[in-house]
Structures are given as structure tokens and as C-alpha cells.
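So the structure is just underneath, and the comments pick up after that.
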Amino acid sequence: MAKKGWDEFEIGAMLRTFDGKIDDIAGTRQEDRAYSQNSSYTASVADWRLIKPVFNKDYCIDCQFCWIYCPDVSIISRDKKLIGVDMDHCKGCGICVEVCPTNPKSLLMFPEQADEETEIASWPKKDEEEA
Amino acid sequence: MSEMKKIKNLKEFSTSADRFEGANLLCPGCAHSIIVREVLNATNDDMILSASTGCLEVCTAVYPYTSWDASWIHIGFENGSTAVAGAESMYKALKRKNRLKQPERNPKFVSFAGDGASYDIGFQWISGCMERGHNIMHVVLDNEVYANTGGQRSSSTPIGSSATTSPAGRVSYGEKKNKKDIVSIMAAHGIPYAAQVAPNKWKDMVKKIQHGFSVDGPVFINAVSPCTTEWKFDPKDTMNITDLATDSLVFPLYEIIDGHELNITYRPKNIVPVEEYLAAQGRFKHLFKDEYKYLIKEWQDRVDEKWAYLQRREESRV
Ligand SMILES: Cc1ncc(C[n+]2csc(CCOP(=O)(O)OP(=O)(O)O)c2C)c(N)n1
Ligand code: SF4
Ligand code: SF4
Ligand code: SF4
Ligand SMILES: [Mg+2]
């Protein structure tokens with residue numbers, strides 16, 4: 001193997017997150033970034049889940065608790081509104097449901113195979129005891 | 001100095017574009033990544049980051065993937081802090097020589113490390129960084145155990161916790177030594193800012209991180225990071241456990257400015273008994289046996305004593 005200079009890397013010692021140049025990462029939304037194949041954004045952990053969160057926007061007050069406490073960057077908020085869950089990166093921990101303050105909750109956990117529309121149609125009603 | 005990012009409330013904060021990605025291999029419900037997100041989202045400036053060996057590092061850099069959207073380096077267990085300090089020194093030197101390619105940018109230098117890497121194995125390296133006055137922030141992801149290698153005790157493991165190297169059983173109640181007071185030790189270096197934070201109190205945490213970014217010199221942050229695997233609780237309860245930690249005052253939130261001026265930054269409206277914090281975690285399960293119940297009382301006394309001490313320190317303005 002050829003000897004490397006002090007400013008050269010072995011193959012695999014350095015990964016580039018993006019293809020090409022990116023100037024303002026903090027100002028560029030995920031959907032507008034050119035992720036390289038080396039970013040875990042391009043991977044999925046969906047098969048880790050046994051249960052999944054379902055979002056019902058009817059009760060959501062856009063407080064963003066679920067956004068800040070989701071460990072896996074899987075609550076998608078745009079312009080201060082919650083728009084959905086990123087099912088490629090959600091690991092099904094259930095934290096978002098725990099921290100959701102609405103009554104009934106705007107996020108609930110269901111078995112992975114559950115049908116979202118059916119669950120939303122039969123969403124639990126307001127829990128009077130809790131309120 | 002670049003302008004501080006404005007974060008008035010959580011809605012405004014939620015417009016941040018994360019620079020940390022999912023599909024990392026941290027356990028579901030791991031608090032490490034919640035802490036990382038709050039730190040990275042506290043600024044829009046470029047970031048130069050390191051992670052010492054541990055859960056965060058091994059789970060976010062599994063070849064061929066990286067979960068970081070910023071310059072990030074890992075070298076060893078002990079030297080995440082010095083890796084970032086080296087980059088900071090180079091930055092300063094290039095700046096002095098007018099050789100920065102983009103002098104208008106103001107990168108933030110942050111080193112993330114576990115309690116094992118900070119309280120024990122990287123202790124001397126961090127101390128060196130604090131003493132030499134590097135413009136870096138060291139953030140401890142304090143889960144009170146060597147989680148990545150299977151739950152060995154560290155000098156952050158609290159009394160009565162069952163760890164694999166100090167297991168609770170017939171003849172022992174688990175860890176026998178009290179947790180090291182790392183924040184005081186680091187503050188004693190006379191650094192401009194040292195603070196304890198918790199991710200549930202995001203506003204307090206982000207304020208402290210932003211303050212840390214604004215000062216000139218080393219910053220030390222100890223962040224409580226409940227570990228679903230080693231503390232033994234359901235992944236959904238990570239934030240509930242964090243609430244119990246801050247509201248029982250087991251993890252009081254405070255800051256120490258210039259090595260001496262102590263401010264308490266969070267006073268729970270309803271202080272929760274320490275017993276509730278302990279009862280919520282499997283690592284303390286054995287303390288509820290009759291023969292070990294006296295330890296719960298001792299726990300409460302220790303927490304009360306520390307809280308009284310912090311209040312005396314704050315009042316005395318020394
Ligand atoms: C010098 C050295 N000693 C031991 C190890 C093995 N090791 C890797 S990660 C780890 C535990 C890390 O614990 P901590 O720093 O608390 O981080 P956590 O995994 O808990 O987040 C250990 C002991 C190592 N990689 N290098
Ligand atoms: S279940 Fe967990 S990973 Fe999935 S969206 Fe909710 S908080 Fe995030
Ligand atoms: S926590 Fe609940 S109410 Fe708040 S934004 Fe999330 S889903 Fe909506
Ligand atoms: S073992 Fe603990 S610290 Fe490590 S990834 Fe799992 S929850 Fe996080
Ligand atoms: Mg640890």
C-alpha cells in the first residue's frame with residue numbers, strides 16, 4: 001500500500017455526507033439536500049419496529065413536543081406545523097406519544113401492520129377522567 | 001462573532017433543519033440523540049464535532065454510514081476533547097495568519113463523550129483542554145454507566161445502582177461509591193462556563209448551550225442521558241424518567257460562571273420524592289427489598305443535602 005501524506009485519508013477513513021458542495025446546511029431542509037449514499041439518511045430502520053406511531057392531525061395543536069423529543073429525527077415539522085412521521089427512520093420508541101399533551105392524543109402507537117386510515121377513523125374520544 | 005440564533009419558543013425551534021440523521025443504530029428511545037439534536041439545533045453556525053468511543057460514536061458511524069451532517073471526527077475513547085481542541089488550535093493559527101478560506105464563518109467546536117469517557121478515561125485530556133483555554137465545548141452524555149460495553153460502573157454510577165461490575169445480589173446492593181461531582185471539578189479550572197443540563201428542560205438547555213457558544217474559552221456541559229437499556233425502563237419512558245430526574249433534584253440544573261458564581265436555573269414547582277425516581281428504573285429494583293430500604297432514605301438525604309448546598313452557594317454569591 002502506498003504511503004499516505006499527512007493530509008490524505010485511507011479509503012473509508014473519511015465519509016462525505018453530501019454529494020457535491022453544500023454551503024448552508026443549517027439553512028437547507030432535508031428534502032433539499034443532496035445526501036450521498038454514505039449518509040444514514042439514505043438508510044432505513046423501519047424493520048426495527050413492532051409498533052408504530054399514527055398521527056391524527058384533527059387534535060394536534062402543533063406544540064412541537066414530539067418534534068423536540070423524538071430521538072430519531074422522525075417527526076417532520078415544516079413552517080411550525082407537524083406534517084407527519086418519517087417511517088424510514090422511526091424506531092417505534094413511543095416517546096412522541098408519551099409527550100403529546102392533547103386529549104385525546106394526536107399520536108398513538110399501533111401494531112406495525114395496522115392500517116392508518118382505519119385507526120384514524122376509530123380514534124379514541126376525549127378521556128374525561130384525564131381532563 | 002456571528003449572531004445568536006433566535007429561539008423564542010418551541011414552534012420557532014422546530015423550524016431548525018437538523019444536522020443529525022436517523023437510521024443511526026442507537027437503541028429506540030436513547031436520550032443521547034435527543035441531547036445531540038438540542039445542542040446542534042442551538043446554532044446555525046458551522047460545527048466541528050468529535051465523539052469519544054461509546055454508544056453515540058459507534059452507533060452514528062457504522063461504515064459505510066455517517067449520521068452527521070457536519071465535520072465530525074472520532075479517534076479514541078479518551079481523546080475526543082483533544083481532537084476538537086487540535087482543530088480549534090489550527091483554526092486559530094490559520095486565522096492569525098489570515099489564511100482562512102472563509103473567514104466570515106464562525107465554526108463551533110464541540111466534543112461529545114460519555115461519562116466513562118469524561119469522568120474516567122478521558123478525564124486528564126478534558127482537564128488539559130479546560131486548563132489550556134481552548135475555545136471548545138465538551139458535552140457529557142451522562143448515562144452513569146459504560147453502556148456501550150455492557151453496563152460496567154463508571155465514577156458517575158450512583159450508589160445502589162446495579163452495574164455488571166458491581167451487581168446487586170445476595171451480598172451486595174450494587175455500586176457502593178457515590179457519583180463524582182464532575183461539574184464542580186471542571187468549574188474549578190476557572191473556565192468561563194460549566195453547567196448541568198437535561199433534555200426535558202429544552203429551553204434551559206438551549207439557553208445554556210447558546211451561552212456556552214457565546215463565551216470565549218472552554219465550556220463544560222454535563223447532560224443527563226437516561227439509558228433505556230442499562231437503567232432498565234421502557235423506551236417510551238425516556239422523557240418521563242428525565243422529568244423524574246430533574247424534578248426529584250437527583251439532577252439539579254445549575255450553572256457555574258467563571259469557576260465560582262453559581263446559579264440554580266430550575267426550581268421544580270412540585271419536588272418529587274427520590275423514591276419515585278428510583279422505583280421507575282430496574283437498576284434500582286433491589287433497593288425496594290426490606291434489607292436495602294434504608295438506602296432509599298440515604299439517597300433522599302444526599303439529594304436534600306446537595307440541594308441545600310447549591311442554594312447556599314447561590315445565595316452567598318461567592
Ligand atoms: C482505551 C479504551 N478502553 C476501553 C475501550 C472499550 N470501550 C469502548 S466504549 C466503552 C464504554 C463507553 O462508556 P461511556 O463513555 O460512558 O459512553 P456510553 O457508551 O455509556 O454512552 C468502552 C469501555 C476503548 N474503546 N478504549
Ligand atoms: S416512535 Fe419514537 S422514533 Fe418514532 S416518531 Fe415517535 S419518538 Fe420518533
Ligand atoms: S406533541 Fe401532539 S399536539 Fe404537539 S405537535 Fe406533536 S402531535 Fe401535535
Ligand atoms: S445502551 Fe443506552 S446509551 Fe447506548 S444506545 Fe442504548 S439506550 Fe443509548
Ligand atoms: Mg456512559
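Chains: A, B, ... in order of the C-alpha cells. Residues: from 1 per chain. Ligands: from 1, in order shown.
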Show me, as a ChimeraX atom specification, the residues of chain A whose atoms get within 9 Å of chain B, using only C-alpha atoms for the distance check. /A:12,14-18,24-30,37-46,48,62-65,67-74,77-81,88-99
Hey, which residues come within 10 Å of ligand 1 if we count only C-alpha atoms and all ligand atoms? Could you give them as a ChimeraX atom specification? /B:26,30-32,51-59,75-79,112-122,140-157,225,227,230
Among range 33-220 of chain B, which ones does DSSP place in strand (DSSP E or B), written as a short mmCIF file (atom, residue, chain, number, x, y, z; two decimals) with all heavy atoms, in the first residue's frame?
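part.cif, freshly written:
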data_model
loop_
_atom_site.label_atom_id
_atom_site.label_comp_id
_atom_site.auth_asym_id
_atom_site.auth_seq_id
_atom_site.Cartn_x
_atom_site.Cartn_y
_atom_site.Cartn_z
N MET B 47 -20.26 23.53 12.31
CA MET B 47 -19.85 22.81 13.50
C MET B 47 -18.71 21.87 13.19
O MET B 47 -18.68 21.22 12.14
CB MET B 47 -21.02 22.02 14.06
CG MET B 47 -22.23 22.90 14.30
SD MET B 47 -23.33 22.24 15.53
CE MET B 47 -22.63 22.87 17.00
N ILE B 48 -17.77 21.83 14.12
CA ILE B 48 -16.67 20.88 14.05
C ILE B 48 -16.77 20.03 15.30
O ILE B 48 -16.67 20.52 16.41
CB ILE B 48 -15.33 21.61 13.90
CG1 ILE B 48 -15.36 22.33 12.55
CG2 ILE B 48 -14.16 20.63 14.02
CD1 ILE B 48 -14.20 23.21 12.25
N LEU B 49 -17.08 18.75 15.09
CA LEU B 49 -17.52 17.89 16.18
C LEU B 49 -16.62 16.68 16.36
O LEU B 49 -15.96 16.23 15.41
CB LEU B 49 -18.94 17.38 15.88
CG LEU B 49 -19.99 18.41 15.49
CD1 LEU B 49 -21.25 17.71 14.99
CD2 LEU B 49 -20.33 19.29 16.68
N SER B 50 -16.62 16.15 17.57
CA SER B 50 -15.97 14.87 17.79
C SER B 50 -16.86 14.04 18.71
O SER B 50 -17.72 14.59 19.40
CB SER B 50 -14.61 15.04 18.45
OG SER B 50 -14.77 15.35 19.82
N ALA B 51 -16.64 12.74 18.68
CA ALA B 51 -17.27 11.88 19.68
C ALA B 51 -16.22 10.89 20.15
O ALA B 51 -15.48 10.32 19.35
CB ALA B 51 -18.47 11.16 19.09
N THR B 66 -22.61 7.52 7.94
CA THR B 66 -22.43 8.51 8.98
C THR B 66 -23.79 9.17 9.22
O THR B 66 -24.57 9.32 8.29
CB THR B 66 -21.39 9.59 8.60
OG1 THR B 66 -21.49 10.66 9.55
CG2 THR B 66 -21.62 10.15 7.20
N TRP B 68 -23.91 12.17 10.65
CA TRP B 68 -23.57 13.56 10.94
C TRP B 68 -23.53 14.38 9.67
O TRP B 68 -22.91 13.98 8.68
CB TRP B 68 -22.21 13.62 11.65
CG TRP B 68 -22.21 12.84 12.93
CD1 TRP B 68 -21.93 11.51 13.07
CD2 TRP B 68 -22.55 13.32 14.24
NE1 TRP B 68 -22.05 11.14 14.40
CE2 TRP B 68 -22.43 12.24 15.13
CE3 TRP B 68 -22.92 14.57 14.74
CZ2 TRP B 68 -22.68 12.36 16.50
CZ3 TRP B 68 -23.17 14.69 16.09
CH2 TRP B 68 -23.05 13.59 16.96
N SER B 71 -18.75 18.45 10.02
CA SER B 71 -17.44 17.83 10.17
C SER B 71 -17.38 17.11 11.52
O SER B 71 -17.71 17.70 12.55
CB SER B 71 -16.34 18.89 10.13
OG SER B 71 -16.45 19.61 8.94
N TRP B 72 -16.98 15.86 11.48
CA TRP B 72 -17.06 15.03 12.68
C TRP B 72 -15.88 14.08 12.69
O TRP B 72 -15.53 13.52 11.65
CB TRP B 72 -18.37 14.24 12.64
CG TRP B 72 -18.63 13.32 13.79
CD1 TRP B 72 -19.31 13.61 14.92
CD2 TRP B 72 -18.26 11.93 13.90
NE1 TRP B 72 -19.37 12.51 15.74
CE2 TRP B 72 -18.74 11.47 15.14
CE3 TRP B 72 -17.56 11.03 13.09
CZ2 TRP B 72 -18.54 10.15 15.59
CZ3 TRP B 72 -17.37 9.73 13.53
CH2 TRP B 72 -17.86 9.30 14.77
N ILE B 73 -15.26 13.94 13.84
CA ILE B 73 -14.11 13.04 13.92
C ILE B 73 -14.20 12.15 15.15
O ILE B 73 -14.70 12.55 16.20
CB ILE B 73 -12.77 13.85 13.94
CG1 ILE B 73 -11.56 12.91 13.84
CG2 ILE B 73 -12.66 14.75 15.16
CD1 ILE B 73 -10.23 13.61 13.62
N LYS B 108 -18.34 26.32 15.41
CA LYS B 108 -18.39 25.98 16.83
C LYS B 108 -17.72 24.61 17.00
O LYS B 108 -17.99 23.69 16.22
CB LYS B 108 -19.85 25.89 17.29
CG LYS B 108 -20.64 27.17 17.05
CD LYS B 108 -20.26 28.26 18.03
CE LYS B 108 -21.05 29.53 17.83
NZ LYS B 108 -20.45 30.46 16.86
N PHE B 109 -16.88 24.51 18.03
CA PHE B 109 -16.14 23.27 18.27
C PHE B 109 -16.74 22.53 19.46
O PHE B 109 -16.72 23.04 20.57
CB PHE B 109 -14.67 23.61 18.54
CG PHE B 109 -13.98 24.26 17.36
CD1 PHE B 109 -14.05 25.63 17.16
CD2 PHE B 109 -13.29 23.49 16.43
CE1 PHE B 109 -13.43 26.23 16.07
CE2 PHE B 109 -12.66 24.08 15.34
CZ PHE B 109 -12.74 25.45 15.16
N VAL B 110 -17.28 21.35 19.20
CA VAL B 110 -17.97 20.61 20.26
C VAL B 110 -17.48 19.17 20.33
O VAL B 110 -17.38 18.49 19.30
CB VAL B 110 -19.50 20.61 20.04
CG1 VAL B 110 -20.21 19.89 21.20
CG2 VAL B 110 -20.04 22.03 19.91
N SER B 111 -17.20 18.73 21.53
CA SER B 111 -16.81 17.34 21.74
C SER B 111 -17.88 16.65 22.57
O SER B 111 -18.28 17.14 23.62
CB SER B 111 -15.45 17.35 22.45
OG SER B 111 -15.37 16.43 23.47
N PHE B 112 -18.39 15.53 22.05
CA PHE B 112 -19.38 14.73 22.77
C PHE B 112 -18.69 13.49 23.35
O PHE B 112 -17.91 12.84 22.64
CB PHE B 112 -20.50 14.25 21.84
CG PHE B 112 -21.41 15.34 21.36
CD1 PHE B 112 -21.29 15.85 20.07
CD2 PHE B 112 -22.41 15.84 22.18
CE1 PHE B 112 -22.15 16.85 19.61
CE2 PHE B 112 -23.27 16.84 21.72
CZ PHE B 112 -23.14 17.34 20.45
N ALA B 113 -18.99 13.17 24.59
CA ALA B 113 -18.40 11.97 25.18
C ALA B 113 -19.29 11.43 26.28
O ALA B 113 -20.04 12.18 26.91
CB ALA B 113 -17.02 12.30 25.75
N GLY B 114 -19.19 10.13 26.52
CA GLY B 114 -19.97 9.51 27.59
C GLY B 114 -19.39 9.85 28.95
O GLY B 114 -18.37 10.54 29.07
N MET B 137 -16.45 23.35 23.45
CA MET B 137 -17.48 22.91 24.40
C MET B 137 -17.40 21.40 24.51
O MET B 137 -17.41 20.69 23.51
CB MET B 137 -18.86 23.33 23.88
CG MET B 137 -20.01 22.86 24.77
SD MET B 137 -21.62 23.29 24.05
CE MET B 137 -21.65 25.04 24.30
N HIS B 138 -17.29 20.91 25.75
CA HIS B 138 -17.31 19.47 25.96
C HIS B 138 -18.66 19.09 26.56
O HIS B 138 -19.05 19.61 27.61
CB HIS B 138 -16.17 19.02 26.89
CG HIS B 138 -16.12 17.53 27.07
ND1 HIS B 138 -15.47 16.70 26.17
CD2 HIS B 138 -16.68 16.71 28.00
CE1 HIS B 138 -15.61 15.43 26.56
NE2 HIS B 138 -16.33 15.42 27.66
N VAL B 139 -19.37 18.20 25.89
CA VAL B 139 -20.71 17.79 26.35
C VAL B 139 -20.66 16.32 26.80
O VAL B 139 -20.35 15.44 26.00
CB VAL B 139 -21.76 17.95 25.24
CG1 VAL B 139 -23.14 17.52 25.74
CG2 VAL B 139 -21.81 19.38 24.74
N VAL B 140 -20.98 16.09 28.06
CA VAL B 140 -21.03 14.71 28.57
C VAL B 140 -22.44 14.18 28.42
O VAL B 140 -23.41 14.81 28.83
CB VAL B 140 -20.65 14.63 30.07
CG1 VAL B 140 -20.61 13.18 30.52
CG2 VAL B 140 -19.34 15.33 30.34
N LEU B 141 -22.55 13.00 27.81
CA LEU B 141 -23.82 12.29 27.72
C LEU B 141 -23.82 11.34 28.91
O LEU B 141 -23.31 10.23 28.83
CB LEU B 141 -23.91 11.54 26.39
CG LEU B 141 -23.64 12.44 25.17
CD1 LEU B 141 -23.10 11.65 24.00
CD2 LEU B 141 -24.90 13.19 24.77
N ASP B 142 -24.37 11.83 30.03
CA ASP B 142 -24.18 11.14 31.30
C ASP B 142 -25.27 10.10 31.54
O ASP B 142 -26.33 10.41 32.08
CB ASP B 142 -24.15 12.18 32.43
CG ASP B 142 -23.77 11.56 33.76
OD1 ASP B 142 -23.45 10.34 33.80
OD2 ASP B 142 -23.81 12.28 34.78
N TYR B 146 -20.89 2.55 31.68
CA TYR B 146 -20.27 2.25 30.39
C TYR B 146 -21.29 1.44 29.59
O TYR B 146 -21.26 0.21 29.59
CB TYR B 146 -19.00 1.43 30.57
CG TYR B 146 -17.82 2.18 31.15
CD1 TYR B 146 -17.73 2.50 32.50
CD2 TYR B 146 -16.77 2.58 30.32
CE1 TYR B 146 -16.65 3.19 33.02
CE2 TYR B 146 -15.67 3.27 30.83
CZ TYR B 146 -15.63 3.57 32.19
OH TYR B 146 -14.56 4.25 32.69
N GLN B 152 -20.77 -1.61 32.59
CA GLN B 152 -19.84 -1.56 33.72
C GLN B 152 -19.97 -0.23 34.46
O GLN B 152 -20.33 0.77 33.87
CB GLN B 152 -18.39 -1.73 33.21
CG GLN B 152 -18.09 -3.06 32.55
CD GLN B 152 -18.56 -3.12 31.09
OE1 GLN B 152 -18.90 -2.11 30.49
NE2 GLN B 152 -18.59 -4.33 30.55
N ALA B 163 -24.71 -2.50 38.47
CA ALA B 163 -23.96 -2.48 37.21
C ALA B 163 -23.30 -3.84 37.04
O ALA B 163 -23.20 -4.60 38.01
CB ALA B 163 -22.91 -1.37 37.26
N SER B 166 -20.57 -4.23 39.36
CA SER B 166 -20.96 -4.07 40.77
C SER B 166 -22.41 -4.49 40.89
O SER B 166 -23.30 -3.68 41.16
CB SER B 166 -20.76 -2.62 41.23
OG SER B 166 -21.41 -1.73 40.36
N ALA B 168 -25.98 -6.07 41.97
CA ALA B 168 -26.73 -6.28 43.19
C ALA B 168 -27.05 -7.76 43.31
O ALA B 168 -27.29 -8.43 42.30
CB ALA B 168 -28.02 -5.47 43.15
N TYR B 173 -25.57 -4.54 47.49
CA TYR B 173 -26.65 -3.72 46.94
C TYR B 173 -26.21 -3.00 45.67
O TYR B 173 -26.84 -2.06 45.21
CB TYR B 173 -27.17 -2.72 47.98
CG TYR B 173 -26.14 -1.80 48.60
CD1 TYR B 173 -25.64 -0.72 47.89
CD2 TYR B 173 -25.68 -2.02 49.91
CE1 TYR B 173 -24.70 0.13 48.46
CE2 TYR B 173 -24.74 -1.17 50.48
CZ TYR B 173 -24.25 -0.10 49.75
OH TYR B 173 -23.32 0.73 50.31
N TYR B 193 -17.53 28.86 31.75
CA TYR B 193 -18.89 28.34 31.90
C TYR B 193 -18.91 26.82 32.08
O TYR B 193 -18.31 26.08 31.29
CB TYR B 193 -19.72 28.71 30.66
CG TYR B 193 -21.21 28.59 30.87
CD1 TYR B 193 -21.85 29.36 31.84
CD2 TYR B 193 -21.97 27.72 30.11
CE1 TYR B 193 -23.22 29.26 32.04
CE2 TYR B 193 -23.34 27.62 30.29
CZ TYR B 193 -23.96 28.40 31.27
OH TYR B 193 -25.31 28.30 31.47
N ALA B 194 -19.61 26.40 33.13
CA ALA B 194 -19.86 24.97 33.34
C ALA B 194 -21.33 24.86 33.75
O ALA B 194 -21.83 25.71 34.48
CB ALA B 194 -18.97 24.42 34.45
N ALA B 195 -22.01 23.84 33.25
CA ALA B 195 -23.43 23.74 33.58
C ALA B 195 -23.90 22.30 33.52
O ALA B 195 -23.32 21.45 32.84
CB ALA B 195 -24.26 24.57 32.60
N GLN B 196 -24.96 22.03 34.29
CA GLN B 196 -25.64 20.75 34.20
C GLN B 196 -26.96 20.98 33.46
O GLN B 196 -27.68 21.94 33.77
CB GLN B 196 -25.87 20.18 35.58
CG GLN B 196 -26.56 18.82 35.57
CD GLN B 196 -26.05 17.91 36.66
OE1 GLN B 196 -24.97 17.33 36.54
NE2 GLN B 196 -26.80 17.75 37.71
N VAL B 197 -27.27 20.13 32.51
CA VAL B 197 -28.49 20.30 31.71
C VAL B 197 -29.25 18.98 31.61
O VAL B 197 -28.71 17.91 31.90
CB VAL B 197 -28.16 20.79 30.26
CG1 VAL B 197 -27.38 22.09 30.28
CG2 VAL B 197 -27.41 19.72 29.48
N VAL B 219 -15.88 25.38 27.68
CA VAL B 219 -17.20 25.23 28.28
C VAL B 219 -17.42 23.75 28.59
O VAL B 219 -17.10 22.89 27.77
CB VAL B 219 -18.29 25.76 27.32
CG1 VAL B 219 -19.68 25.42 27.84
CG2 VAL B 219 -18.13 27.25 27.12
N PHE B 220 -17.93 23.49 29.76
CA PHE B 220 -18.19 22.10 30.15
C PHE B 220 -19.67 21.92 30.45
O PHE B 220 -20.24 22.65 31.25
CB PHE B 220 -17.35 21.71 31.38
CG PHE B 220 -17.49 20.26 31.75
CD1 PHE B 220 -16.69 19.31 31.13
CD2 PHE B 220 -18.42 19.85 32.68
CE1 PHE B 220 -16.82 17.96 31.45
CE2 PHE B 220 -18.57 18.50 33.00
CZ PHE B 220 -17.76 17.56 32.39
#
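Note that the spacing between CA of Ile256 in chain B and atom 5 (S, counted along the ligand's line) of ligand 4 amounts to 29.4 Å.
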Hey, what does DSSP flag as alpha helix (DSSP H) within range 134-199 of chain B? Can you give it to me as number ranges by chain? B: 182-187
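Across the model, the gap from CA of Pro103 in chain B to CA of Glu8 in chain A is 23.7 Å.
Note that the spacing between CA of Lys101 in chain B and CA of Ile22 in chain A amounts to 15.2 Å.
Contact shell of Ala85 in chain B at 8 Å (only C-alpha atoms; same-chain neighbours under 3 positions omitted): Ser81, Thr82, Glu88, Ser89, Phe109, Cys129, His134, Asn135 and Ile136 of chain B.
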Counting only C-alpha atoms, what is within 12 Å of Asp247 in chain B, bar same-chain residues fewer than 6 positions away, as a list in words? Ala198, Asn200, Lys201, Met239, Asn240, Ile241, Leu253, Tyr266, Arg267, Pro268, Lys269, Asn270, Ile271, Val272, Pro273, Val274, Glu275, Glu276, Tyr277, Val303 and Trp307 of chain B
Could you dump the residues just selected with N, CA and C atoms as a compact mmCIF listing (two decimals), in the first residue's frame?
# COMPACT_ATOMS: atom_id res chain seq x y z
N ALA B 198 -30.51 19.09 31.21
CA ALA B 198 -31.34 17.90 30.97
C ALA B 198 -32.19 18.18 29.74
N ASN B 200 -35.13 17.29 28.84
CA ASN B 200 -36.56 17.59 29.01
C ASN B 200 -36.76 19.09 29.19
N LYS B 201 -35.82 19.75 29.88
CA LYS B 201 -35.90 21.20 30.06
C LYS B 201 -35.17 21.85 28.89
N MET B 239 -38.42 10.37 28.43
CA MET B 239 -38.64 11.74 28.91
C MET B 239 -39.31 11.75 30.28
N ASN B 240 -40.14 10.73 30.58
CA ASN B 240 -40.73 10.64 31.92
C ASN B 240 -39.64 10.46 32.97
N ILE B 241 -38.66 9.62 32.67
CA ILE B 241 -37.55 9.39 33.60
C ILE B 241 -36.73 10.67 33.75
N LEU B 253 -30.47 21.39 38.07
CA LEU B 253 -29.98 22.15 36.91
C LEU B 253 -29.41 23.47 37.40
N TYR B 266 -33.25 25.96 37.52
CA TYR B 266 -34.57 25.33 37.50
C TYR B 266 -34.96 24.92 38.92
N ARG B 267 -36.12 25.42 39.34
CA ARG B 267 -36.66 25.04 40.65
C ARG B 267 -38.00 24.35 40.42
N PRO B 268 -38.08 23.04 40.62
CA PRO B 268 -39.35 22.34 40.36
C PRO B 268 -40.47 22.90 41.24
N LYS B 269 -41.65 23.04 40.65
CA LYS B 269 -42.80 23.52 41.42
C LYS B 269 -43.18 22.48 42.46
N ASN B 270 -43.24 21.22 42.03
CA ASN B 270 -43.50 20.14 42.97
C ASN B 270 -42.30 19.21 42.98
N ILE B 271 -41.60 19.18 44.08
CA ILE B 271 -40.43 18.30 44.17
C ILE B 271 -40.91 16.87 44.38
N VAL B 272 -40.44 15.97 43.54
CA VAL B 272 -40.86 14.57 43.56
C VAL B 272 -39.94 13.81 44.52
N PRO B 273 -40.48 12.89 45.33
CA PRO B 273 -39.59 12.10 46.19
C PRO B 273 -38.59 11.28 45.36
N VAL B 274 -37.36 11.19 45.83
CA VAL B 274 -36.33 10.44 45.12
C VAL B 274 -36.79 8.99 44.89
N GLU B 275 -37.55 8.48 45.86
CA GLU B 275 -38.06 7.11 45.76
C GLU B 275 -38.77 6.86 44.43
N GLU B 276 -39.51 7.86 43.96
CA GLU B 276 -40.24 7.68 42.68
C GLU B 276 -39.28 7.55 41.51
N TYR B 277 -38.21 8.33 41.57
CA TYR B 277 -37.18 8.25 40.52
C TYR B 277 -36.54 6.86 40.52
N VAL B 303 -29.58 13.82 48.37
CA VAL B 303 -30.13 14.77 47.40
C VAL B 303 -30.51 16.08 48.09
N TRP B 307 -28.88 19.81 47.41
CA TRP B 307 -29.76 20.92 47.02
C TRP B 307 -29.57 22.10 47.99
Nearest to ligand 2 among A:Ile120, A:Ile61, A:Ile83, A:Ile51, with distances taken over only C-alpha atoms and all ligand atoms: which residue is it? A:Ile51
Excluding Val39 in chain B and any residue of its chain fewer than 6 positions from it, enumerate the residues within 9 Å of it, using only C-alpha atoms, and give them as number ranges by chain. B: 139, 205-206, 209-210
Would you output that residue set with N, CA, C and O atoms, as a tab-separated table (two decimals), in the first residue's frame?
chain	number	residue	atom	x	y	z
B	139	VAL	N	-19.37	18.20	25.89
B	139	VAL	CA	-20.71	17.79	26.35
B	139	VAL	C	-20.66	16.32	26.80
B	139	VAL	O	-20.35	15.44	26.00
B	205	MET	N	-31.79	24.20	28.59
B	205	MET	CA	-30.63	23.57	27.97
B	205	MET	C	-30.12	24.40	26.78
B	205	MET	O	-28.92	24.68	26.67
B	206	VAL	N	-31.03	24.80	25.92
B	206	VAL	CA	-30.62	25.54	24.72
B	206	VAL	C	-30.03	26.91	25.11
B	206	VAL	O	-29.04	27.36	24.52
B	209	ILE	N	-26.53	26.19	26.22
B	209	ILE	CA	-25.66	25.87	25.09
B	209	ILE	C	-25.33	27.16	24.34
B	209	ILE	O	-24.17	27.42	23.97
B	210	GLN	N	-26.33	28.00	24.12
B	210	GLN	CA	-26.08	29.25	23.41
B	210	GLN	C	-25.14	30.15	24.20
B	210	GLN	O	-24.27	30.81	23.63
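For the set A:Trp123, A:Pro111, A:Lys52, A:Ser106, the residue with the smallest atom-to-atom gap to ligand 2 is A:Lys52, counting only C-alpha atoms and all ligand atoms.
Of the residues listed (A:Lys3, A:Arg49, A:Lys57, A:Lys126), A:Arg49 shows the shortest atom-to-atom separation from ligand 2; distances use only C-alpha atoms and all ligand atoms.
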What's around Arg317 in chain B at 9 Å? Count only C-alpha atoms, leave out sequence neighbours fewer than 3 positions away in its own chain, and write the answer as number ranges by chain. B: 260-263, 312-314
